[in-house]
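Enquirer: Structure provided below as structure tokens; questions to follow.
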Amino acid sequence: MAITQTSGRFRHLRRKWFEDTTEFLAILLEQLSPDIAHAVPDDLGPYDLVAATVLARTAQADMERQEIAFVAGDLVRLAGQRGVRAPERVSEVEALWLALRRPTERLLHSWWREPLGEGLLAHWAATRAEAVGWPRVHQELRERWSIDSDGIWRRGLVASEGTGDDDWCGYFAYLEAHTHGREVEFARILVTRWDGLAEEIDAYASECAAELAAVPHLMLVHRERALAEALTTVVEGNLEAGGEALPPDLRANSEVIRDTGRSYLRWLRDEFVPGLTPLERAHLALDSPEAARCEAYLRQYTEIWCVPGEPALTTPVFTEEDYIPLKPAERPRVVVPEWMSMVTKVFSAETQFGWTGTVGSQPWWLYTVEGGLESAAALRFKHDGQVRIGHQTTDDPHDILVGFPSTDPDAQNLIMRFRYDEDDPHQMCELLILSRTGRAQLGFLVQGAGGEHRMLRMVSVALPPALREAMRAKALRQLDAMTGGDASALAALIAPEPDTPAPSASGAPQPKREEEGGEEERENEEEDLAPFADGLFPREDTLF
């Protein structure tokens with residue numbers, strides 16, 4: 001598309017937003033890890049952009065449980081002449097990961113890490129290509145960023161033959177370029193003279209999340225999309241209502257406006273928006289009232305439970321490495337923190353239930369396994385990357401079953417259940433976080449010979465899109481019912497009690513005494529397990 005007369009403002013706003021974002025993240029990297037920040041190379045383009053991309057991709061690697069030695073090696077290759085030996089980088093990555101597990105800034109919350117890491121890498125590639133060309137960029141992606149050819153093509157980091165930010169245009173500019181009569185004038189008259197239409201369009205465009213409203217160039221896209229949708233809908237309604245009674249010239253103009261409006265919306269959906277970075281697309285997805293309420297609930301939660309600078313529950317740095325060949329004394333940090341040991345008092349190896357919670361902003365699951373077949377199965381869990389996840393019906397995605405694929409020999413040896421209380425606003429917020437993040441950190445606990453509890457291994461469990469959507473809808477329905485749809489009312493429901501620990505340091509389970517209902521709860525758990533007896537995921541409508 002060759003319309004450029006309205007692209008200048010969009011391009012300026014976009015560049016300014018990326019510059020501000022990368023400058024902020026580069027400063028944050030210098031604060032969190034001066035050593036890694038010092039090793040950021042100066043031969044790959046603007047320092048702020050490269051440093052921000054390093055921080056975002058390192059945070060994404062922690063969330064995905066990538067092996068720490070590989071991440072350290074990637075940093076060494078990226079640093080080039082500034083690189084040092086990988087073992088020295090391992091301790092730096094570990095320190096940065098631990099720092100990022102504490103409550104941090106919005107863009108480094110768990111549900112933004114994948115869009116941020118992939119989005120900044122895509123922006124770096126496009127920016128770098130303007131200076132040195134795509135062949136050089138592909139070489140640097142392979143040699144410096146450690147991304148193979150498959151990863152490059154899968155991410156779409158190639159020269160685009162479609163639209164770019166130079167090709168942006170608003171609705172009226174598109175209409176003017178694709179019509180030859182008075183259709184643009186007629187469309188403007190509709191907006192300015194139709195009683196209340198302009199106000200309705202503004203109100204409709206304003207029903208988006210504050211996170212989208214804070215990005216000027218994306219709000220420009222959102223408002224033009226809202227304008228096109230509204231005018232197209234109005235014209236379609238007029239054509240249906242007027243029928244053959246409409247004057248020929250009015251009908252002809254209306255049909256052109258309708259068809260051009262549909263064409264503009266298709267262009268946005270199929271060409272322009274896909275050409276934006278994953279980070280921008282994630283912001284643009286927050287354009288509905290439902291998405292706005294979800295983000296408002298998350299803001300309320302993070303303002304109380306994820307205050308930057310506050311302490312967080314201690315967590316070990318474990319990745320999906322296989323520690324079986326190592327002797328117990330050689331396994332790094334196998335003894336778990338005290339709060340994780342408390343998990344075993346509530347969620348023992350005798351029950352199918354695991355612990356659910358949020359550390360910093362990352363969803364965590366902990367599961368206690370018995371020695372023997374179950375612990376052996378835990379060591380094989382996700383060995384081929386395959387995980388089976390589901391729930392009984394589409395109405396209860398808060399009650400999740402996790403295990404091996406049905407064809408795996410260990411399918412019946414490890415059956416885990418993680419349940420979020422649908423009547424607890426705090427846990428519904430955590431379910432919402434899980435749905436937005438799309439993955440949970442799963443740690444397997446096992447009791448050692450001396451009675452201490454150890455971390456057998458940790459994996460990152462990704463959720464299928466259909467399950468994430470069901471979780472999001474469930475959490476939103478429950479939170480709306482609890483707050484009456486007013487997100488500001490959530491704060492009073494999830495605020496910590498005066499005598500409880502600090503919000504970001506709490507979350508460890510407290511064992512119930514039998515006189516407080518512990519025995520009754522165990523009986524209820526046995527009843528709840530009945531539908532899951534004699535097999536994993538018995539229902540046909542289980543999601544995977």
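By convention in this document, the chains of the structure tokens carry letters A, B, ... by their order, each chain's residues are numbered from 1, and ligands are numbered from 1 in the order they are shown.
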Can you tell me which residues surround A:Phe186 at a distance of at most 10 Å, considering only C-alpha atoms, apart from same-chain residues fewer than 5 positions away, and format the answer as a list of chain:residue names?
Expert: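 In the requested format, the answer is A:Gly181, A:Val191, A:Leu250, A:Asn253, A:Ser254, A:Ile257.
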Enquirer: Can you list, as a PDB file with all heavy atoms, in the first residue's frame, all residues belonging to stretch 137-169 of chain A that DSSP tags as helix (DSSP H, G or I)?
Expert:
ATOM      1  N   VAL A 137      21.920  -8.803   9.280  1.00  0.00           N
ATOM      2  CA  VAL A 137      21.106  -9.038  10.473  1.00  0.00           C
ATOM      3  C   VAL A 137      20.949 -10.530  10.722  1.00  0.00           C
ATOM      4  O   VAL A 137      21.074 -11.011  11.853  1.00  0.00           O
ATOM      5  CB  VAL A 137      19.722  -8.361  10.332  1.00  0.00           C
ATOM      6  CG1 VAL A 137      18.773  -8.836  11.430  1.00  0.00           C
ATOM      7  CG2 VAL A 137      19.869  -6.848  10.388  1.00  0.00           C
ATOM      8  N   HIS A 138      20.681 -11.298   9.665  1.00  0.00           N
ATOM      9  CA  HIS A 138      20.538 -12.743   9.821  1.00  0.00           C
ATOM     10  C   HIS A 138      21.836 -13.376  10.315  1.00  0.00           C
ATOM     11  O   HIS A 138      21.807 -14.303  11.148  1.00  0.00           O
ATOM     12  CB  HIS A 138      20.108 -13.368   8.492  1.00  0.00           C
ATOM     13  CG  HIS A 138      18.713 -13.005   8.107  1.00  0.00           C
ATOM     14  ND1 HIS A 138      18.243 -13.091   6.818  1.00  0.00           N
ATOM     15  CD2 HIS A 138      17.672 -12.538   8.847  1.00  0.00           C
ATOM     16  CE1 HIS A 138      16.982 -12.711   6.778  1.00  0.00           C
ATOM     17  NE2 HIS A 138      16.615 -12.363   7.996  1.00  0.00           N
ATOM     18  N   GLN A 139      22.955 -12.881   9.845  1.00  0.00           N
ATOM     19  CA  GLN A 139      24.236 -13.388  10.319  1.00  0.00           C
ATOM     20  C   GLN A 139      24.418 -13.094  11.806  1.00  0.00           C
ATOM     21  O   GLN A 139      24.857 -13.959  12.581  1.00  0.00           O
ATOM     22  CB  GLN A 139      25.374 -12.755   9.510  1.00  0.00           C
ATOM     23  CG  GLN A 139      26.760 -13.206   9.964  1.00  0.00           C
ATOM     24  CD  GLN A 139      27.871 -12.489   9.205  1.00  0.00           C
ATOM     25  OE1 GLN A 139      27.613 -11.707   8.288  1.00  0.00           O
ATOM     26  NE2 GLN A 139      29.107 -12.740   9.587  1.00  0.00           N
ATOM     27  N   GLU A 140      24.069 -11.869  12.220  1.00  0.00           N
ATOM     28  CA  GLU A 140      24.216 -11.506  13.633  1.00  0.00           C
ATOM     29  C   GLU A 140      23.224 -12.253  14.506  1.00  0.00           C
ATOM     30  O   GLU A 140      23.539 -12.596  15.661  1.00  0.00           O
ATOM     31  CB  GLU A 140      24.055  -9.994  13.788  1.00  0.00           C
ATOM     32  CG  GLU A 140      25.211  -9.209  13.155  1.00  0.00           C
ATOM     33  CD  GLU A 140      24.980  -7.720  13.150  1.00  0.00           C
ATOM     34  OE1 GLU A 140      23.822  -7.282  13.352  1.00  0.00           O
ATOM     35  OE2 GLU A 140      25.955  -6.969  12.936  1.00  0.00           O
ATOM     36  N   LEU A 141      22.024 -12.521  14.006  1.00  0.00           N
ATOM     37  CA  LEU A 141      21.067 -13.298  14.778  1.00  0.00           C
ATOM     38  C   LEU A 141      21.605 -14.698  15.045  1.00  0.00           C
ATOM     39  O   LEU A 141      21.433 -15.246  16.149  1.00  0.00           O
ATOM     40  CB  LEU A 141      19.729 -13.376  14.041  1.00  0.00           C
ATOM     41  CG  LEU A 141      18.864 -12.118  14.053  1.00  0.00           C
ATOM     42  CD1 LEU A 141      17.706 -12.246  13.068  1.00  0.00           C
ATOM     43  CD2 LEU A 141      18.324 -11.846  15.467  1.00  0.00           C
ATOM     44  N   ARG A 142      22.251 -15.287  14.067  1.00  0.00           N
ATOM     45  CA  ARG A 142      22.780 -16.639  14.245  1.00  0.00           C
ATOM     46  C   ARG A 142      24.035 -16.638  15.125  1.00  0.00           C
ATOM     47  O   ARG A 142      24.150 -17.449  16.055  1.00  0.00           O
ATOM     48  CB  ARG A 142      23.122 -17.260  12.883  1.00  0.00           C
ATOM     49  CG  ARG A 142      21.923 -17.494  11.974  1.00  0.00           C
ATOM     50  CD  ARG A 142      22.340 -18.243  10.708  1.00  0.00           C
ATOM     51  NE  ARG A 142      21.224 -18.358   9.766  1.00  0.00           N
ATOM     52  CZ  ARG A 142      21.021 -17.545   8.748  1.00  0.00           C
ATOM     53  NH1 ARG A 142      21.853 -16.544   8.530  1.00  0.00           N
ATOM     54  NH2 ARG A 142      19.988 -17.719   7.944  1.00  0.00           N
ATOM     55  N   GLU A 143      24.971 -15.728  14.832  1.00  0.00           N
ATOM     56  CA  GLU A 143      26.271 -15.775  15.494  1.00  0.00           C
ATOM     57  C   GLU A 143      26.282 -15.072  16.842  1.00  0.00           C
ATOM     58  O   GLU A 143      27.041 -15.491  17.740  1.00  0.00           O
ATOM     59  CB  GLU A 143      27.330 -15.149  14.580  1.00  0.00           C
ATOM     60  CG  GLU A 143      27.526 -15.899  13.272  1.00  0.00           C
ATOM     61  CD  GLU A 143      28.529 -15.220  12.354  1.00  0.00           C
ATOM     62  OE1 GLU A 143      29.022 -14.125  12.745  1.00  0.00           O
ATOM     63  OE2 GLU A 143      28.815 -15.755  11.271  1.00  0.00           O
ATOM     64  N   SER A 149      18.314 -20.706  12.043  1.00  0.00           N
ATOM     65  CA  SER A 149      17.509 -20.317  10.881  1.00  0.00           C
ATOM     66  C   SER A 149      16.024 -20.574  11.118  1.00  0.00           C
ATOM     67  O   SER A 149      15.170 -19.769  10.714  1.00  0.00           O
ATOM     68  CB  SER A 149      17.987 -21.067   9.631  1.00  0.00           C
ATOM     69  OG  SER A 149      19.323 -20.709   9.321  1.00  0.00           O
ATOM     70  N   ASP A 150      15.710 -21.711  11.768  1.00  0.00           N
ATOM     71  CA  ASP A 150      14.307 -22.009  12.044  1.00  0.00           C
ATOM     72  C   ASP A 150      13.695 -20.948  12.941  1.00  0.00           C
ATOM     73  O   ASP A 150      12.563 -20.507  12.723  1.00  0.00           O
ATOM     74  CB  ASP A 150      14.187 -23.391  12.686  1.00  0.00           C
ATOM     75  CG  ASP A 150      12.749 -23.738  13.035  1.00  0.00           C
ATOM     76  OD1 ASP A 150      11.943 -23.935  12.105  1.00  0.00           O
ATOM     77  OD2 ASP A 150      12.418 -23.796  14.238  1.00  0.00           O
ATOM     78  N   GLY A 151      14.450 -20.522  13.971  1.00  0.00           N
ATOM     79  CA  GLY A 151      13.948 -19.486  14.867  1.00  0.00           C
ATOM     80  C   GLY A 151      13.764 -18.156  14.162  1.00  0.00           C
ATOM     81  O   GLY A 151      12.828 -17.401  14.460  1.00  0.00           O
ATOM     82  N   ILE A 152      14.642 -17.854  13.232  1.00  0.00           N
ATOM     83  CA  ILE A 152      14.530 -16.599  12.475  1.00  0.00           C
ATOM     84  C   ILE A 152      13.256 -16.593  11.636  1.00  0.00           C
ATOM     85  O   ILE A 152      12.482 -15.633  11.655  1.00  0.00           O
ATOM     86  CB  ILE A 152      15.774 -16.406  11.587  1.00  0.00           C
ATOM     87  CG1 ILE A 152      17.010 -16.141  12.453  1.00  0.00           C
ATOM     88  CG2 ILE A 152      15.552 -15.261  10.596  1.00  0.00           C
ATOM     89  CD1 ILE A 152      18.312 -16.098  11.671  1.00  0.00           C
ATOM     90  N   TRP A 153      13.022 -17.679  10.907  1.00  0.00           N
ATOM     91  CA  TRP A 153      11.844 -17.725  10.041  1.00  0.00           C
ATOM     92  C   TRP A 153      10.566 -17.840  10.852  1.00  0.00           C
ATOM     93  O   TRP A 153       9.537 -17.260  10.490  1.00  0.00           O
ATOM     94  CB  TRP A 153      11.975 -18.894   9.065  1.00  0.00           C
ATOM     95  CG  TRP A 153      12.995 -18.644   7.999  1.00  0.00           C
ATOM     96  CD1 TRP A 153      14.273 -19.111   7.953  1.00  0.00           C
ATOM     97  CD2 TRP A 153      12.839 -17.806   6.851  1.00  0.00           C
ATOM     98  NE1 TRP A 153      14.933 -18.635   6.852  1.00  0.00           N
ATOM     99  CE2 TRP A 153      14.070 -17.830   6.138  1.00  0.00           C
ATOM    100  CE3 TRP A 153      11.787 -17.049   6.345  1.00  0.00           C
ATOM    101  CZ2 TRP A 153      14.271 -17.132   4.958  1.00  0.00           C
ATOM    102  CZ3 TRP A 153      11.995 -16.356   5.154  1.00  0.00           C
ATOM    103  CH2 TRP A 153      13.220 -16.391   4.479  1.00  0.00           C
ATOM    104  N   ARG A 154      10.629 -18.590  11.942  1.00  0.00           N
ATOM    105  CA  ARG A 154       9.431 -18.741  12.766  1.00  0.00           C
ATOM    106  C   ARG A 154       9.010 -17.403  13.353  1.00  0.00           C
ATOM    107  O   ARG A 154       7.809 -17.144  13.521  1.00  0.00           O
ATOM    108  CB  ARG A 154       9.700 -19.758  13.877  1.00  0.00           C
ATOM    109  CG  ARG A 154       8.545 -19.996  14.831  1.00  0.00           C
ATOM    110  CD  ARG A 154       8.803 -21.237  15.680  1.00  0.00           C
ATOM    111  NE  ARG A 154      10.166 -21.304  16.167  1.00  0.00           N
ATOM    112  CZ  ARG A 154      10.606 -20.680  17.248  1.00  0.00           C
ATOM    113  NH1 ARG A 154       9.789 -19.908  17.936  1.00  0.00           N
ATOM    114  NH2 ARG A 154      11.859 -20.826  17.642  1.00  0.00           N
ATOM    115  N   ARG A 155       9.951 -16.573  13.684  1.00  0.00           N
ATOM    116  CA  ARG A 155       9.647 -15.251  14.243  1.00  0.00           C
ATOM    117  C   ARG A 155       9.341 -14.215  13.167  1.00  0.00           C
ATOM    118  O   ARG A 155       8.956 -13.089  13.482  1.00  0.00           O
ATOM    119  CB  ARG A 155      10.821 -14.759  15.084  1.00  0.00           C
ATOM    120  CG  ARG A 155      11.041 -15.524  16.380  1.00  0.00           C
ATOM    121  CD  ARG A 155      12.293 -15.027  17.081  1.00  0.00           C
ATOM    122  NE  ARG A 155      12.428 -15.570  18.421  1.00  0.00           N
ATOM    123  CZ  ARG A 155      13.001 -16.724  18.711  1.00  0.00           C
ATOM    124  NH1 ARG A 155      13.495 -17.475  17.723  1.00  0.00           N
ATOM    125  NH2 ARG A 155      13.087 -17.147  19.964  1.00  0.00           N
ATOM    126  N   ASP A 165       5.771   0.666   9.141  1.00  0.00           N
ATOM    127  CA  ASP A 165       5.212   1.859   9.779  1.00  0.00           C
ATOM    128  C   ASP A 165       5.146   3.038   8.810  1.00  0.00           C
ATOM    129  O   ASP A 165       4.423   3.999   9.043  1.00  0.00           O
ATOM    130  CB  ASP A 165       5.990   2.221  11.053  1.00  0.00           C
ATOM    131  CG  ASP A 165       7.477   2.390  10.813  1.00  0.00           C
ATOM    132  OD1 ASP A 165       7.881   2.399   9.638  1.00  0.00           O
ATOM    133  OD2 ASP A 165       8.223   2.516  11.788  1.00  0.00           O
ATOM    134  N   ASP A 166       5.887   2.968   7.695  1.00  0.00           N
ATOM    135  CA  ASP A 166       5.781   4.012   6.677  1.00  0.00           C
ATOM    136  C   ASP A 166       4.461   3.923   5.911  1.00  0.00           C
ATOM    137  O   ASP A 166       4.072   4.871   5.221  1.00  0.00           O
ATOM    138  CB  ASP A 166       6.938   3.908   5.674  1.00  0.00           C
ATOM    139  CG  ASP A 166       8.222   4.482   6.251  1.00  0.00           C
ATOM    140  OD1 ASP A 166       8.124   5.346   7.142  1.00  0.00           O
ATOM    141  OD2 ASP A 166       9.305   4.054   5.823  1.00  0.00           O
ATOM    142  N   ASP A 167       3.800   2.783   5.987  1.00  0.00           N
ATOM    143  CA  ASP A 167       2.583   2.562   5.215  1.00  0.00           C
ATOM    144  C   ASP A 167       1.314   2.842   6.001  1.00  0.00           C
ATOM    145  O   ASP A 167       0.213   2.607   5.489  1.00  0.00           O
ATOM    146  CB  ASP A 167       2.549   1.110   4.717  1.00  0.00           C
ATOM    147  CG  ASP A 167       3.688   0.816   3.767  1.00  0.00           C
ATOM    148  OD1 ASP A 167       3.770   1.494   2.737  1.00  0.00           O
ATOM    149  OD2 ASP A 167       4.495  -0.078   4.069  1.00  0.00           O
TER     150      ASP A 167
END
Enquirer: Which neighbours of A:Leu401 fall inside 6 Å, counting only C-alpha atoms, when residues of the same chain fewer than 3 positions from it are skipped, and could you give them as a short mmCIF file (atom, residue, chain, number, x, y, z; two decimals) with N, CA, C and O atoms, in the first residue's frame?
Expert:
data_model
loop_
_atom_site.label_atom_id
_atom_site.label_comp_id
_atom_site.auth_asym_id
_atom_site.auth_seq_id
_atom_site.Cartn_x
_atom_site.Cartn_y
_atom_site.Cartn_z
N ILE A 389 -2.60 -31.64 29.72
CA ILE A 389 -3.26 -30.74 30.66
C ILE A 389 -4.74 -30.69 30.31
O ILE A 389 -5.11 -30.64 29.13
N GLY A 390 -5.59 -30.70 31.32
CA GLY A 390 -7.01 -30.60 31.02
C GLY A 390 -7.83 -30.31 32.26
O GLY A 390 -7.30 -30.16 33.36
N HIS A 391 -9.13 -30.25 32.06
CA HIS A 391 -10.07 -30.09 33.17
C HIS A 391 -11.35 -30.78 32.77
O HIS A 391 -11.55 -31.16 31.61
N MET A 416 -1.26 -35.23 38.61
CA MET A 416 -1.24 -34.06 39.49
C MET A 416 -2.52 -33.23 39.30
O MET A 416 -3.06 -33.18 38.19
N ARG A 417 -2.94 -32.61 40.38
CA ARG A 417 -4.13 -31.77 40.32
C ARG A 417 -3.83 -30.44 41.00
O ARG A 417 -3.33 -30.41 42.13
#
Enquirer: Given only C-alpha atoms as the basis, pick out the residue of A:Gly451, A:Pro289, A:Gly237, A:Gly170 nearest to A:Leu212.
Expert: A:Pro289
Enquirer: Would you list the contacts of A:Glu338 as a PyMOL selection string, taking every protein, DNA or RNA residue within 10 Å and counting only C-alpha atoms, but skipping same-chain residues closer than 2 positions in sequence?
Expert: chain A and resi 313-314+335-336+340-343+452-453+508
Enquirer: Compare A:Leu414, A:Ala296, A:Val346, A:Leu13 by their minimum atom-to-atom distance to A:Ala377, counting only C-alpha atoms, and give me the closest one.
Expert: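 Answer, going by the shortest atom-to-atom distance: A:Leu414.
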Enquirer: Which one is closest to A:Val71: A:Leu442, A:Val93, A:Leu379, A:Ala129? Count only C-alpha atoms.
Expert: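 Under the stated criterion, the closest residue is A:Val93.
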Enquirer: Which residues come within 9 Å of A:His283, counting only C-alpha atoms, excluding same-chain residues fewer than 5 positions away, as a PyMOL selection string?
Expert: chain A and resi 209+211-212+215+218+278
Enquirer: If we count only C-alpha atoms, what is near A:Gly45 at a cut-off of 7 Å, once residues fewer than 3 positions away on the same chain are taken out, given as a list in words?
Expert: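 Listing them by chain and then by number gives Asp42, Val50 and Arg128 of chain A.
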Enquirer: Just to be explicit: take each residue in the selection above, keep all heavy atoms, and write the result as a short mmCIF file (atom, residue, chain, number, x, y, z; two decimals), in the first residue's frame.
Expert:
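Result saved to selection.cif:
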data_model
loop_
_atom_site.label_atom_id
_atom_site.label_comp_id
_atom_site.auth_asym_id
_atom_site.auth_seq_id
_atom_site.Cartn_x
_atom_site.Cartn_y
_atom_site.Cartn_z
N ASP A 42 28.77 -2.90 21.76
CA ASP A 42 28.51 -1.60 21.14
C ASP A 42 28.56 -1.67 19.62
O ASP A 42 28.55 -0.64 18.95
CB ASP A 42 29.49 -0.56 21.65
CG ASP A 42 30.95 -0.99 21.43
OD1 ASP A 42 31.18 -2.04 20.78
OD2 ASP A 42 31.85 -0.29 21.92
N VAL A 50 19.86 -2.64 22.50
CA VAL A 50 20.50 -3.93 22.73
C VAL A 50 20.41 -4.33 24.20
O VAL A 50 20.08 -5.48 24.54
CB VAL A 50 21.97 -3.90 22.26
CG1 VAL A 50 22.65 -5.25 22.54
CG2 VAL A 50 22.05 -3.57 20.78
N ARG A 128 18.07 -2.58 12.97
CA ARG A 128 19.42 -2.91 12.52
C ARG A 128 19.46 -3.09 11.00
O ARG A 128 20.43 -2.69 10.34
CB ARG A 128 19.88 -4.19 13.21
CG ARG A 128 21.29 -4.65 12.88
CD ARG A 128 22.31 -3.73 13.48
NE ARG A 128 23.67 -4.29 13.35
CZ ARG A 128 24.77 -3.57 13.40
NH1 ARG A 128 24.70 -2.25 13.57
NH2 ARG A 128 25.95 -4.15 13.30
#
Enquirer: Give me, please, the distance in Å between atom CA of A:Arg457 and atom CA of A:Phe381, quoted to one decimal.
Expert: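 Atom CA of A:Arg457 sits 9.6 Å away from atom CA of A:Phe381.
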Enquirer: For A:Ser110, work out the shell of residues within 9 Å, counting only C-alpha atoms and skipping chain neighbours fewer than 3 positions away, then give it as a PyMOL selection string.
Expert: chain A and resi 59-60+63+106-107+113-114+360-363+433-434+436-437
Enquirer: Mind dumping the selected residues with C-alpha atoms as an mmCIF file, in the first residue's frame?
Expert:
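Below is the file that was written, part.cif:
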data_model
loop_
_atom_site.group_PDB
_atom_site.id
_atom_site.type_symbol
_atom_site.label_atom_id
_atom_site.label_comp_id
_atom_site.auth_asym_id
_atom_site.auth_seq_id
_atom_site.Cartn_x
_atom_site.Cartn_y
_atom_site.Cartn_z
ATOM 1 C CA ALA A 59 13.763 -12.543 31.896
ATOM 2 C CA GLN A 60 11.933 -14.618 29.282
ATOM 3 C CA MET A 63 10.147 -17.869 32.839
ATOM 4 C CA ARG A 106 5.053 -3.659 34.753
ATOM 5 C CA LEU A 107 6.726 -4.700 31.506
ATOM 6 C CA ARG A 113 7.877 -11.166 29.347
ATOM 7 C CA GLU A 114 7.299 -13.194 26.196
ATOM 8 C CA GLY A 360 6.718 -11.998 42.397
ATOM 9 C CA SER A 361 4.418 -12.103 39.405
ATOM 10 C CA GLN A 362 5.207 -15.623 38.198
ATOM 11 C CA PRO A 363 2.692 -18.470 38.622
ATOM 12 C CA ILE A 433 -2.253 -14.135 35.988
ATOM 13 C CA LEU A 434 -1.775 -17.765 34.936
ATOM 14 C CA ARG A 436 -2.204 -14.167 30.843
ATOM 15 C CA THR A 437 1.275 -15.637 31.414
#
Enquirer: Under the rule that only C-alpha atoms are counted, which of A:His38, A:Lys382, A:Arg65, A:Arg193 is the nearest residue to A:Arg439?
Expert: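 Among the listed residues, the smallest separation from A:Arg439 belongs to A:Arg65.
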